$ cat model-v4.cif   # mmCIF, C-alpha atoms
data_model
#
loop_
_atom_site.group_PDB
_atom_site.id
_atom_site.type_symbol
_atom_site.label_atom_id
_atom_site.label_comp_id
_atom_site.auth_asym_id
_atom_site.auth_seq_id
_atom_site.Cartn_x
_atom_site.Cartn_y
_atom_site.Cartn_z
ATOM 1 C CA MET A 7 171.950 -47.579 -66.806
ATOM 2 C CA LYS A 8 169.756 -49.593 -64.525
ATOM 3 C CA THR A 9 171.296 -52.975 -63.932
ATOM 4 C CA THR A 10 169.211 -54.361 -61.126
ATOM 5 C CA LYS A 11 167.177 -57.273 -62.323
ATOM 6 C CA LEU A 12 165.421 -60.354 -61.212
ATOM 7 C CA ARG A 13 167.649 -63.318 -61.575
ATOM 8 C CA PRO A 14 165.683 -66.161 -63.069
ATOM 9 C CA GLY A 15 166.019 -69.662 -61.776
ATOM 10 C CA ILE A 16 166.717 -68.847 -58.143
ATOM 11 C CA SER A 17 163.981 -69.589 -55.674
ATOM 12 C CA ARG A 18 163.559 -67.759 -52.433
ATOM 13 C CA ARG A 19 164.520 -70.916 -50.598
ATOM 14 C CA GLN A 20 167.818 -71.139 -52.490
ATOM 15 C CA LEU A 21 168.523 -67.512 -51.742
ATOM 16 C CA LEU A 22 167.874 -68.012 -48.058
ATOM 17 C CA GLY A 23 169.957 -71.157 -48.106
ATOM 18 C CA SER A 24 172.813 -69.357 -49.773
ATOM 19 C CA GLY A 25 173.250 -67.154 -46.762
ATOM 20 C CA ALA A 26 171.159 -64.117 -47.560
ATOM 21 C CA SER A 27 169.965 -62.299 -44.490
ATOM 22 C CA ALA A 28 166.565 -62.711 -42.925
ATOM 23 C CA ALA A 29 165.523 -59.628 -44.842
ATOM 24 C CA ALA A 30 165.454 -61.848 -47.919
ATOM 25 C CA ALA A 31 161.782 -62.295 -47.179
ATOM 26 C CA ALA A 32 161.191 -58.804 -48.583
ATOM 27 C CA PRO A 33 158.721 -58.917 -51.445
ATOM 28 C CA LEU A 34 161.120 -57.794 -54.138
ATOM 29 C CA LEU A 35 164.299 -59.724 -54.677
ATOM 30 C CA ARG A 36 166.861 -57.944 -56.705
ATOM 31 C CA THR A 37 170.278 -58.915 -57.832
ATOM 32 C CA LEU A 38 173.323 -56.768 -58.107
ATOM 33 C CA GLU A 39 176.088 -57.579 -60.476
ATOM 34 C CA ALA A 40 179.201 -57.008 -58.447
ATOM 35 C CA ARG A 41 181.037 -55.470 -61.370
ATOM 36 C CA ALA A 42 178.067 -53.489 -62.579
ATOM 37 C CA ALA A 43 177.667 -49.851 -63.461
ATOM 38 C CA PRO A 44 175.834 -47.374 -61.188
ATOM 39 C CA LEU A 45 172.487 -48.409 -59.799
ATOM 40 C CA GLU A 46 170.593 -45.158 -59.876
ATOM 41 C CA THR A 47 167.424 -46.513 -58.418
ATOM 42 C CA ALA A 48 168.732 -49.232 -56.157
ATOM 43 C CA ASP A 49 167.293 -49.158 -52.678
ATOM 44 C CA PRO A 50 169.515 -50.524 -49.913
ATOM 45 C CA ARG A 51 166.475 -51.416 -47.851
ATOM 46 C CA THR A 52 165.528 -53.946 -50.465
ATOM 47 C CA ASP A 53 167.672 -56.980 -50.570
ATOM 48 C CA GLN A 54 170.364 -57.222 -53.062
ATOM 49 C CA ILE A 55 172.391 -60.201 -53.918
ATOM 50 C CA ALA A 56 175.879 -59.570 -55.183
ATOM 51 C CA ILE A 57 177.123 -62.108 -57.674
ATOM 52 C CA VAL A 58 180.774 -62.445 -56.820
ATOM 53 C CA ASP A 59 183.420 -64.467 -58.622
ATOM 54 C CA LEU A 60 186.171 -65.486 -56.243
ATOM 55 C CA THR A 61 189.204 -67.606 -56.977
ATOM 56 C CA VAL A 62 190.335 -69.187 -53.736
ATOM 57 C CA ASN A 63 193.374 -71.438 -53.584
ATOM 58 C CA GLU A 64 193.270 -71.682 -57.383
ATOM 59 C CA ARG A 65 189.641 -72.826 -57.435
ATOM 60 C CA PRO A 66 187.006 -70.564 -59.004
ATOM 61 C CA HIS A 67 183.765 -69.974 -57.131
ATOM 62 C CA ARG A 68 180.634 -67.977 -57.926
ATOM 63 C CA LEU A 69 178.801 -66.742 -54.852
ATOM 64 C CA ASN A 70 175.412 -65.099 -54.462
ATOM 65 C CA ILE A 71 175.854 -63.045 -51.330
ATOM 66 C CA ASP A 72 174.646 -60.024 -49.443
ATOM 67 C CA PRO A 73 176.943 -57.113 -50.433
ATOM 68 C CA ARG A 74 177.772 -56.708 -46.726
ATOM 69 C CA THR A 75 179.479 -60.099 -46.626
ATOM 70 C CA THR A 76 183.126 -59.821 -45.704
ATOM 71 C CA LEU A 77 185.730 -61.951 -47.414
ATOM 72 C CA LEU A 78 186.228 -63.749 -44.099
ATOM 73 C CA ASP A 79 182.560 -64.679 -43.805
ATOM 74 C CA ALA A 80 182.457 -65.741 -47.454
ATOM 75 C CA LEU A 81 185.449 -68.022 -46.924
ATOM 76 C CA ARG A 82 184.176 -69.512 -43.689
ATOM 77 C CA GLU A 83 180.430 -69.656 -44.184
ATOM 78 C CA GLN A 84 180.008 -69.952 -47.945
ATOM 79 C CA LEU A 85 183.086 -71.949 -48.906
ATOM 80 C CA GLY A 86 183.597 -73.877 -45.677
ATOM 81 C CA LEU A 87 187.233 -72.815 -45.416
ATOM 82 C CA LEU A 88 187.506 -72.561 -41.648
ATOM 83 C CA GLY A 89 191.275 -72.068 -41.477
ATOM 84 C CA SER A 90 191.100 -68.271 -41.504
ATOM 85 C CA LYS A 91 189.933 -67.292 -38.048
ATOM 86 C CA LYS A 92 187.554 -64.649 -36.776
ATOM 87 C CA GLY A 93 189.221 -63.135 -33.748
ATOM 88 C CA CYS A 94 188.114 -59.553 -33.222
ATOM 89 C CA ASP A 95 186.309 -58.985 -36.567
ATOM 90 C CA HIS A 96 187.642 -55.412 -36.430
ATOM 91 C CA GLY A 97 191.089 -55.675 -37.960
ATOM 92 C CA GLN A 98 192.967 -55.563 -34.706
ATOM 93 C CA CYS A 99 194.164 -59.141 -34.227
ATOM 94 C CA GLY A 100 195.236 -60.376 -37.673
ATOM 95 C CA ALA A 101 193.774 -63.872 -37.226
ATOM 96 C CA CYS A 102 191.806 -63.448 -40.457
ATOM 97 C CA THR A 103 194.831 -62.551 -42.613
ATOM 98 C CA VAL A 104 194.753 -63.964 -46.143
ATOM 99 C CA LEU A 105 196.668 -63.175 -49.323
ATOM 100 C CA VAL A 106 195.022 -61.418 -52.259
ATOM 101 C CA HIS A 107 197.318 -61.347 -55.282
ATOM 102 C CA GLY A 108 200.087 -62.335 -52.884
ATOM 103 C CA ARG A 109 199.540 -59.322 -50.631
ATOM 104 C CA ARG A 110 198.295 -59.786 -47.098
ATOM 105 C CA VAL A 111 194.882 -58.348 -46.322
ATOM 106 C CA LEU A 112 192.569 -58.463 -43.337
ATOM 107 C CA SER A 113 189.687 -60.518 -44.677
ATOM 108 C CA CYS A 114 187.360 -59.318 -41.889
ATOM 109 C CA LEU A 115 187.637 -55.739 -43.190
ATOM 110 C CA THR A 116 187.400 -56.620 -46.877
ATOM 111 C CA LEU A 117 184.091 -56.916 -48.676
ATOM 112 C CA ALA A 118 183.961 -60.130 -50.674
ATOM 113 C CA ALA A 119 182.380 -58.171 -53.523
ATOM 114 C CA ALA A 120 185.382 -55.818 -53.555
ATOM 115 C CA VAL A 121 188.025 -58.532 -53.924
ATOM 116 C CA ARG A 122 190.043 -58.347 -57.096
ATOM 117 C CA GLY A 123 192.489 -61.099 -57.716
ATOM 118 C CA PRO A 124 193.142 -64.592 -56.462
ATOM 119 C CA VAL A 125 192.828 -65.366 -52.754
ATOM 120 C CA THR A 126 195.203 -67.672 -50.908
ATOM 121 C CA THR A 127 194.270 -68.969 -47.474
ATOM 122 C CA ILE A 128 196.079 -71.231 -45.045
ATOM 123 C CA GLU A 129 194.372 -74.178 -46.743
ATOM 124 C CA GLY A 130 196.122 -73.349 -50.010
ATOM 125 C CA LEU A 131 199.711 -73.393 -48.740
ATOM 126 C CA ALA A 132 200.576 -77.084 -48.616
ATOM 127 C CA ASP A 133 201.254 -78.602 -52.032
ATOM 128 C CA GLU A 134 199.019 -81.199 -53.636
ATOM 129 C CA THR A 135 201.041 -84.074 -52.148
ATOM 130 C CA GLY A 136 200.351 -82.694 -48.694
ATOM 131 C CA GLU A 137 203.878 -81.435 -48.132
ATOM 132 C CA LEU A 138 203.712 -78.450 -45.839
ATOM 133 C CA HIS A 139 204.772 -74.970 -46.841
ATOM 134 C CA PRO A 140 208.178 -74.102 -45.336
ATOM 135 C CA LEU A 141 206.468 -71.705 -42.926
ATOM 136 C CA GLN A 142 204.016 -74.324 -41.724
ATOM 137 C CA GLN A 143 206.921 -76.729 -41.206
ATOM 138 C CA ALA A 144 208.925 -74.069 -39.383
ATOM 139 C CA PHE A 145 206.018 -73.275 -37.047
ATOM 140 C CA LEU A 146 205.861 -76.972 -36.126
ATOM 141 C CA GLU A 147 209.592 -77.330 -35.665
ATOM 142 C CA GLN A 148 209.962 -74.141 -33.641
ATOM 143 C CA ASP A 149 206.858 -74.787 -31.505
ATOM 144 C CA ALA A 150 205.577 -71.387 -32.607
ATOM 145 C CA PHE A 151 202.087 -71.680 -31.154
ATOM 146 C CA GLN A 152 200.226 -72.797 -28.108
ATOM 147 C CA CYS A 153 196.453 -72.735 -28.666
ATOM 148 C CA GLY A 154 196.878 -72.238 -32.411
ATOM 149 C CA TYR A 155 194.027 -69.811 -32.961
ATOM 150 C CA CYS A 156 196.213 -67.039 -34.338
ATOM 151 C CA THR A 157 198.461 -69.453 -36.253
ATOM 152 C CA PRO A 158 196.799 -69.420 -39.699
ATOM 153 C CA GLY A 159 196.936 -65.618 -39.678
ATOM 154 C CA GLN A 160 200.512 -65.635 -38.379
ATOM 155 C CA ILE A 161 201.673 -68.034 -41.104
ATOM 156 C CA VAL A 162 199.895 -66.237 -43.943
ATOM 157 C CA SER A 163 201.140 -62.898 -42.629
ATOM 158 C CA ALA A 164 204.679 -64.249 -42.384
ATOM 159 C CA ILE A 165 204.543 -65.203 -46.074
ATOM 160 C CA GLY A 166 203.706 -61.579 -46.803
ATOM 161 C CA CYS A 167 206.399 -60.363 -44.413
ATOM 162 C CA ILE A 168 209.111 -62.461 -46.083
ATOM 163 C CA GLY A 169 207.829 -61.676 -49.582
ATOM 164 C CA GLU A 170 207.927 -57.947 -48.869
ATOM 165 C CA GLY A 171 211.553 -58.274 -47.827
ATOM 166 C CA HIS A 172 210.874 -57.313 -44.222
ATOM 167 C CA ALA A 173 212.243 -60.367 -42.472
ATOM 168 C CA GLY A 174 215.873 -59.309 -42.326
ATOM 169 C CA THR A 175 216.331 -59.056 -38.582
ATOM 170 C CA GLU A 176 214.427 -60.182 -35.514
ATOM 171 C CA GLU A 177 213.461 -56.578 -34.845
ATOM 172 C CA GLU A 178 212.190 -56.150 -38.393
ATOM 173 C CA ILE A 179 210.153 -59.370 -38.218
ATOM 174 C CA ARG A 180 208.590 -58.239 -34.946
ATOM 175 C CA HIS A 181 207.729 -54.883 -36.475
ATOM 176 C CA TYR A 182 206.206 -56.225 -39.687
ATOM 177 C CA MET A 183 204.368 -59.030 -37.893
ATOM 178 C CA SER A 184 202.959 -56.618 -35.311
ATOM 179 C CA GLY A 185 199.491 -56.774 -36.887
ATOM 180 C CA ASN A 186 199.134 -60.375 -35.727
ATOM 181 C CA LEU A 187 198.431 -60.779 -32.050
ATOM 182 C CA CYS A 188 199.132 -63.960 -30.086
ATOM 183 C CA ARG A 189 197.490 -64.046 -26.699
ATOM 184 C CA CYS A 190 199.474 -67.138 -25.716
ATOM 185 C CA GLY A 191 202.611 -65.052 -26.164
ATOM 186 C CA ALA A 192 204.398 -67.383 -28.559
ATOM 187 C CA TYR A 193 206.185 -64.440 -30.160
ATOM 188 C CA PRO A 194 209.795 -65.589 -29.547
ATOM 189 C CA ASN A 195 209.173 -68.880 -31.326
ATOM 190 C CA ILE A 196 207.107 -67.229 -34.059
ATOM 191 C CA VAL A 197 210.095 -65.008 -34.827
ATOM 192 C CA LYS A 198 212.382 -68.057 -34.859
ATOM 193 C CA ALA A 199 210.020 -69.853 -37.225
ATOM 194 C CA VAL A 200 209.897 -66.900 -39.605
ATOM 195 C CA ARG A 201 213.693 -66.698 -39.649
ATOM 196 C CA GLN A 202 214.009 -70.427 -40.263
ATOM 197 C CA ALA A 203 211.444 -70.425 -43.051
ATOM 198 C CA LYS A 204 213.014 -67.387 -44.675
ATOM 199 C CA ALA A 205 216.374 -69.145 -44.824
ATOM 200 C CA ARG A 206 214.735 -72.241 -46.320
ATOM 201 C CA ILE A 207 212.706 -70.323 -48.860
ATOM 202 C CA GLU A 208 215.780 -68.404 -49.976
ATOM 203 C CA ARG A 209 217.820 -71.598 -50.320
ATOM 204 C CA SER A 210 215.189 -73.318 -52.466
ATOM 205 C CA MET B 27 176.070 -53.472 -40.485
ATOM 206 C CA ARG B 28 173.192 -51.691 -42.205
ATOM 207 C CA PRO B 29 172.264 -52.590 -45.778
ATOM 208 C CA PHE B 30 173.838 -50.537 -48.538
ATOM 209 C CA VAL B 31 174.080 -50.470 -52.285
ATOM 210 C CA TYR B 32 177.516 -51.569 -53.435
ATOM 211 C CA GLN B 33 178.767 -49.949 -56.602
ATOM 212 C CA ARG B 34 182.031 -50.283 -58.439
ATOM 213 C CA ALA B 35 183.253 -47.114 -60.126
ATOM 214 C CA SER B 36 185.224 -47.690 -63.316
ATOM 215 C CA ASN B 37 186.539 -44.124 -63.510
ATOM 216 C CA SER B 38 186.575 -40.920 -61.473
ATOM 217 C CA GLY B 39 183.576 -39.549 -63.352
ATOM 218 C CA SER B 40 181.331 -42.485 -62.537
ATOM 219 C CA ALA B 41 182.467 -42.348 -58.898
ATOM 220 C CA VAL B 42 181.486 -38.692 -58.650
ATOM 221 C CA ASP B 43 178.236 -39.286 -60.537
ATOM 222 C CA GLY B 44 177.358 -42.106 -58.178
ATOM 223 C CA ALA B 45 178.071 -39.879 -55.199
ATOM 224 C CA ILE B 46 175.935 -37.066 -56.604
ATOM 225 C CA VAL B 47 173.039 -39.417 -57.302
ATOM 226 C CA GLY B 48 173.440 -40.989 -53.886
ATOM 227 C CA SER B 49 173.601 -37.647 -52.109
ATOM 228 C CA SER B 50 170.523 -36.351 -53.860
ATOM 229 C CA GLN B 51 168.615 -39.452 -52.781
ATOM 230 C CA MET B 52 169.886 -39.409 -49.213
ATOM 231 C CA PRO B 53 171.647 -36.252 -48.109
ATOM 232 C CA GLY B 54 174.244 -36.312 -45.386
ATOM 233 C CA GLU B 55 176.240 -39.385 -44.673
ATOM 234 C CA GLY B 56 174.559 -41.401 -47.405
ATOM 235 C CA VAL B 57 177.600 -42.048 -49.588
ATOM 236 C CA GLN B 58 181.018 -43.407 -48.729
ATOM 237 C CA PHE B 59 183.931 -44.222 -51.014
ATOM 238 C CA LEU B 60 185.596 -47.577 -50.445
ATOM 239 C CA ALA B 61 189.346 -47.857 -50.977
ATOM 240 C CA GLY B 62 191.209 -50.038 -48.484
ATOM 241 C CA GLY B 63 188.194 -50.123 -46.217
ATOM 242 C CA THR B 64 189.904 -50.863 -42.927
ATOM 243 C CA THR B 65 188.409 -47.782 -41.307
ATOM 244 C CA LEU B 66 185.171 -47.681 -43.280
ATOM 245 C CA LEU B 67 184.202 -51.312 -42.707
ATOM 246 C CA ASP B 68 185.225 -51.134 -39.056
ATOM 247 C CA LEU B 69 183.048 -48.089 -38.414
ATOM 248 C CA MET B 70 180.163 -49.557 -40.406
ATOM 249 C CA LYS B 71 180.286 -52.697 -38.267
ATOM 250 C CA LEU B 72 180.156 -50.500 -35.173
ATOM 251 C CA ASP B 73 177.174 -48.598 -36.646
ATOM 252 C CA VAL B 74 179.148 -45.357 -36.497
ATOM 253 C CA LEU B 75 178.932 -44.936 -40.277
ATOM 254 C CA ARG B 76 175.702 -45.909 -42.014
ATOM 255 C CA PRO B 77 176.169 -45.279 -45.724
ATOM 256 C CA LYS B 78 173.282 -46.120 -48.008
ATOM 257 C CA ARG B 79 175.672 -46.400 -50.913
ATOM 258 C CA VAL B 80 179.277 -47.611 -50.944
ATOM 259 C CA ILE B 81 181.251 -46.689 -54.030
ATOM 260 C CA ASP B 82 184.269 -48.915 -54.576
ATOM 261 C CA ILE B 83 187.075 -46.841 -56.128
ATOM 262 C CA ASN B 84 189.726 -49.544 -56.279
ATOM 263 C CA ASP B 85 189.621 -49.582 -60.090
ATOM 264 C CA LEU B 86 190.713 -45.939 -60.186
ATOM 265 C CA GLY B 87 194.375 -46.812 -59.793
ATOM 266 C CA ALA B 88 195.296 -45.053 -63.018
ATOM 267 C CA ASP B 89 193.817 -41.820 -61.670
ATOM 268 C CA LEU B 90 194.497 -42.125 -57.970
ATOM 269 C CA GLY B 91 196.934 -44.960 -57.443
ATOM 270 C CA ALA B 92 200.227 -43.094 -57.230
ATOM 271 C CA VAL B 93 202.092 -41.944 -54.154
ATOM 272 C CA GLU B 94 203.670 -38.586 -54.938
ATOM 273 C CA PRO B 95 207.003 -37.838 -53.355
ATOM 274 C CA ALA B 96 206.750 -34.728 -51.227
ATOM 275 C CA PRO B 97 209.228 -33.086 -48.876
ATOM 276 C CA ARG B 98 208.434 -33.894 -45.252
ATOM 277 C CA ALA B 99 205.211 -35.710 -45.901
ATOM 278 C CA CYS B 100 205.133 -36.713 -42.255
ATOM 279 C CA GLY B 101 204.886 -34.379 -39.312
ATOM 280 C CA SER B 102 206.548 -36.630 -36.790
ATOM 281 C CA GLU B 103 210.249 -37.285 -36.604
ATOM 282 C CA ARG B 104 209.790 -40.795 -35.263
ATOM 283 C CA TRP B 105 207.315 -41.715 -37.992
ATOM 284 C CA CYS B 106 209.672 -40.418 -40.655
ATOM 285 C CA ALA B 107 212.481 -42.478 -39.203
ATOM 286 C CA TRP B 108 210.598 -45.676 -39.886
ATOM 287 C CA PRO B 109 211.559 -47.777 -42.892
ATOM 288 C CA MET B 110 209.680 -46.344 -45.845
ATOM 289 C CA PRO B 111 209.692 -46.840 -49.610
ATOM 290 C CA PRO B 112 212.247 -44.564 -51.266
ATOM 291 C CA THR B 113 209.492 -42.438 -52.826
ATOM 292 C CA ILE B 114 208.340 -41.339 -49.364
ATOM 293 C CA ARG B 115 210.784 -39.235 -47.365
#

$ encode --input "model-v4.cif" --output "structure tokens"
Amino acid sequence: MKTTKLRPGISRRQLLGSGASAAAAAPLLRTLEARAAPLETADPRTDQIAIVDLTVNERPHRLNIDPRTTLLDALREQLGLLGSKKGCDHGQCGACTVLVHGRRVLSCLTLAAAVRGPVTTIEGLADETGELHPLQQAFLEQDAFQCGYCTPGQIVSAIGCIGEGHAGTEEEIRHYMSGNLCRCGAYPNIVKAVRQAKARIERS
Amino acid sequence: MRPFVYQRASNSGSAVDGAIVGSSQMPGEGVQFLAGGTTLLDLMKLDVLRPKRVIDINDLGADLGAVEPAPRACGSERWCAWPMPPTIR
């Protein structure tokens, strides 16, 4: 079944404005339904726009994006959620960590079109009254950062770490947080913050 | 990263069909399957892998989603000593 089609109602200017690559000037604009069946005749050299439904921090979004767009770039450049950081963009530093369905993933190595399930970023942790998540509060109280660049990834990753039941001992926290690098070397206080938050989360 | 056609496979058959169609159009490294993607996306960003078609097989959990227990699945003693789910020993 051929599912590529022209999407009516979208001008070239809107497509360019929505973040499509410079190649959007190609004569034939095609769209690609992200959840579509095989595209027997699709040509990757021609632009394709993936229509992607993303729920981020409980808000639904529909994005028209290049299929190459990573979840991180979609969050930062399409949705303006700048909390998740681009450190290495190769899955080595963990600064881009977000939760999908409550599980931590590296958003820089995840295609936005391939995301299934709700996304939670650092922006979605505090409650609607502005009260911080116990981990955010613990990072403040334990002085668990210096420059702060890795902190959103550290906090989101720590939620995963505690949720997975891998925050039992300091050694275990260090092991299961090892995907999140901190070049300031705030590790001792990060571990303290995770322990403090775990105790608070378990009490509540 | 080079442009590619992104395709979601709803079952193993459509994944294989997509790969066959893709291979016939562009032999060689033209097709890659996407599961977790941490290696695939990394190598695509580095221009090491240049698939023309990426077939997302994350909906194939019913077919491929299980981890089968097997005796000595790991070759390294230290790796095996790490904390693992009870199904992996």

$ residues_around --input "model-v4.cif" --residues "Ala164 of chain A" --least-positions-apart "6" --cutoff "9 Å" --atoms "only C-alpha atoms" --output "count of residues only"
6

$ resolve_selection --input "model-v4.cif" --expression "the PyMOL selection byres ((chain A and resi 188) around 10)" --output "list in words"
Cys99, Gly100, Ala101, Phe151, Gln152, Cys153, Gly154, Tyr155, Cys156, Thr157, Gly159, Gln160, Ser184, Gly185, Asn186, Leu187, Arg189, Cys190, Gly191, Ala192, Tyr193 and Ile196 of chain A

$ interface_residues --input "model-v4.cif" --of "chain B" --to "chain A" --cutoff "6 Å" --atoms "only C-alpha atoms" --output "list in words"
Pro29, Phe30, Val31, Thr64, Leu67 and Asp68 of chain B

$ resolve_selection --input "model-v4.cif" --expression "the PyMOL selection byres ((chain B and resi 37) around 10)" --output "PyMOL selection string"
chain B and resi 34-36+38-42+83-90

$ closest_residue --input "model-v4.cif" --among "B:Ile81, B:Leu69, B:Leu75, B:Leu60" --to "Gly44 of chain B" --atoms "all atoms listed in the file"
B:Ile81

$ closest_residue --input "model-v4.cif" --among "A:Cys94, A:Ala199, A:Val62, A:Leu78" --to "Gly108 of chain A" --atoms "only C-alpha atoms"
A:Val62

$ residues_around --input "model-v4.cif" --residues "Gln84 of chain A" --least-positions-apart "4" --cutoff "12 Å" --atoms "all atoms listed in the file" --output "PDB file with C-alpha atoms, in the coordinates of the input"
ATOM      1  CA  GLY A  23     169.957 -71.157 -48.106  1.00  0.00           C
ATOM      2  CA  SER A  24     172.813 -69.357 -49.773  1.00  0.00           C
ATOM      3  CA  GLY A  25     173.250 -67.154 -46.762  1.00  0.00           C
ATOM      4  CA  ALA A  26     171.159 -64.117 -47.560  1.00  0.00           C
ATOM      5  CA  VAL A  58     180.774 -62.445 -56.820  1.00  0.00           C
ATOM      6  CA  LEU A  60     186.171 -65.486 -56.243  1.00  0.00           C
ATOM      7  CA  VAL A  62     190.335 -69.187 -53.736  1.00  0.00           C
ATOM      8  CA  HIS A  67     183.765 -69.974 -57.131  1.00  0.00           C
ATOM      9  CA  ARG A  68     180.634 -67.977 -57.926  1.00  0.00           C
ATOM     10  CA  LEU A  69     178.801 -66.742 -54.852  1.00  0.00           C
ATOM     11  CA  ASN A  70     175.412 -65.099 -54.462  1.00  0.00           C
ATOM     12  CA  ILE A  71     175.854 -63.045 -51.330  1.00  0.00           C
ATOM     13  CA  ASP A  72     174.646 -60.024 -49.443  1.00  0.00           C
ATOM     14  CA  THR A  75     179.479 -60.099 -46.626  1.00  0.00           C
ATOM     15  CA  THR A  76     183.126 -59.821 -45.704  1.00  0.00           C
ATOM     16  CA  LEU A  77     185.730 -61.951 -47.414  1.00  0.00           C
ATOM     17  CA  LEU A  78     186.228 -63.749 -44.099  1.00  0.00           C
ATOM     18  CA  ASP A  79     182.560 -64.679 -43.805  1.00  0.00           C
ATOM     19  CA  ALA A  80     182.457 -65.741 -47.454  1.00  0.00           C
ATOM     20  CA  LEU A  88     187.506 -72.561 -41.648  1.00  0.00           C
ATOM     21  CA  ALA A 118     183.961 -60.130 -50.674  1.00  0.00           C
TER      22      ALA A 118
END

$ closest_residue --input "model-v4.cif" --among "A:Thr127, A:Gln202, A:Asn195, A:Thr103" --to "Gly86 of chain A" --atoms "all atoms listed in the file"
A:Thr127

$ atom_distance --input "model-v4.cif" --atom1 "atom CA of Gly130 of chain A" --atom2 "atom CA of Thr65 of chain B"
28.1 Å

$ closest_residue --input "model-v4.cif" --among "A:Leu146, A:Val197, A:Ile168, A:Val162" --to "Arg180 of chain A" --atoms "only C-alpha atoms"
A:Val197
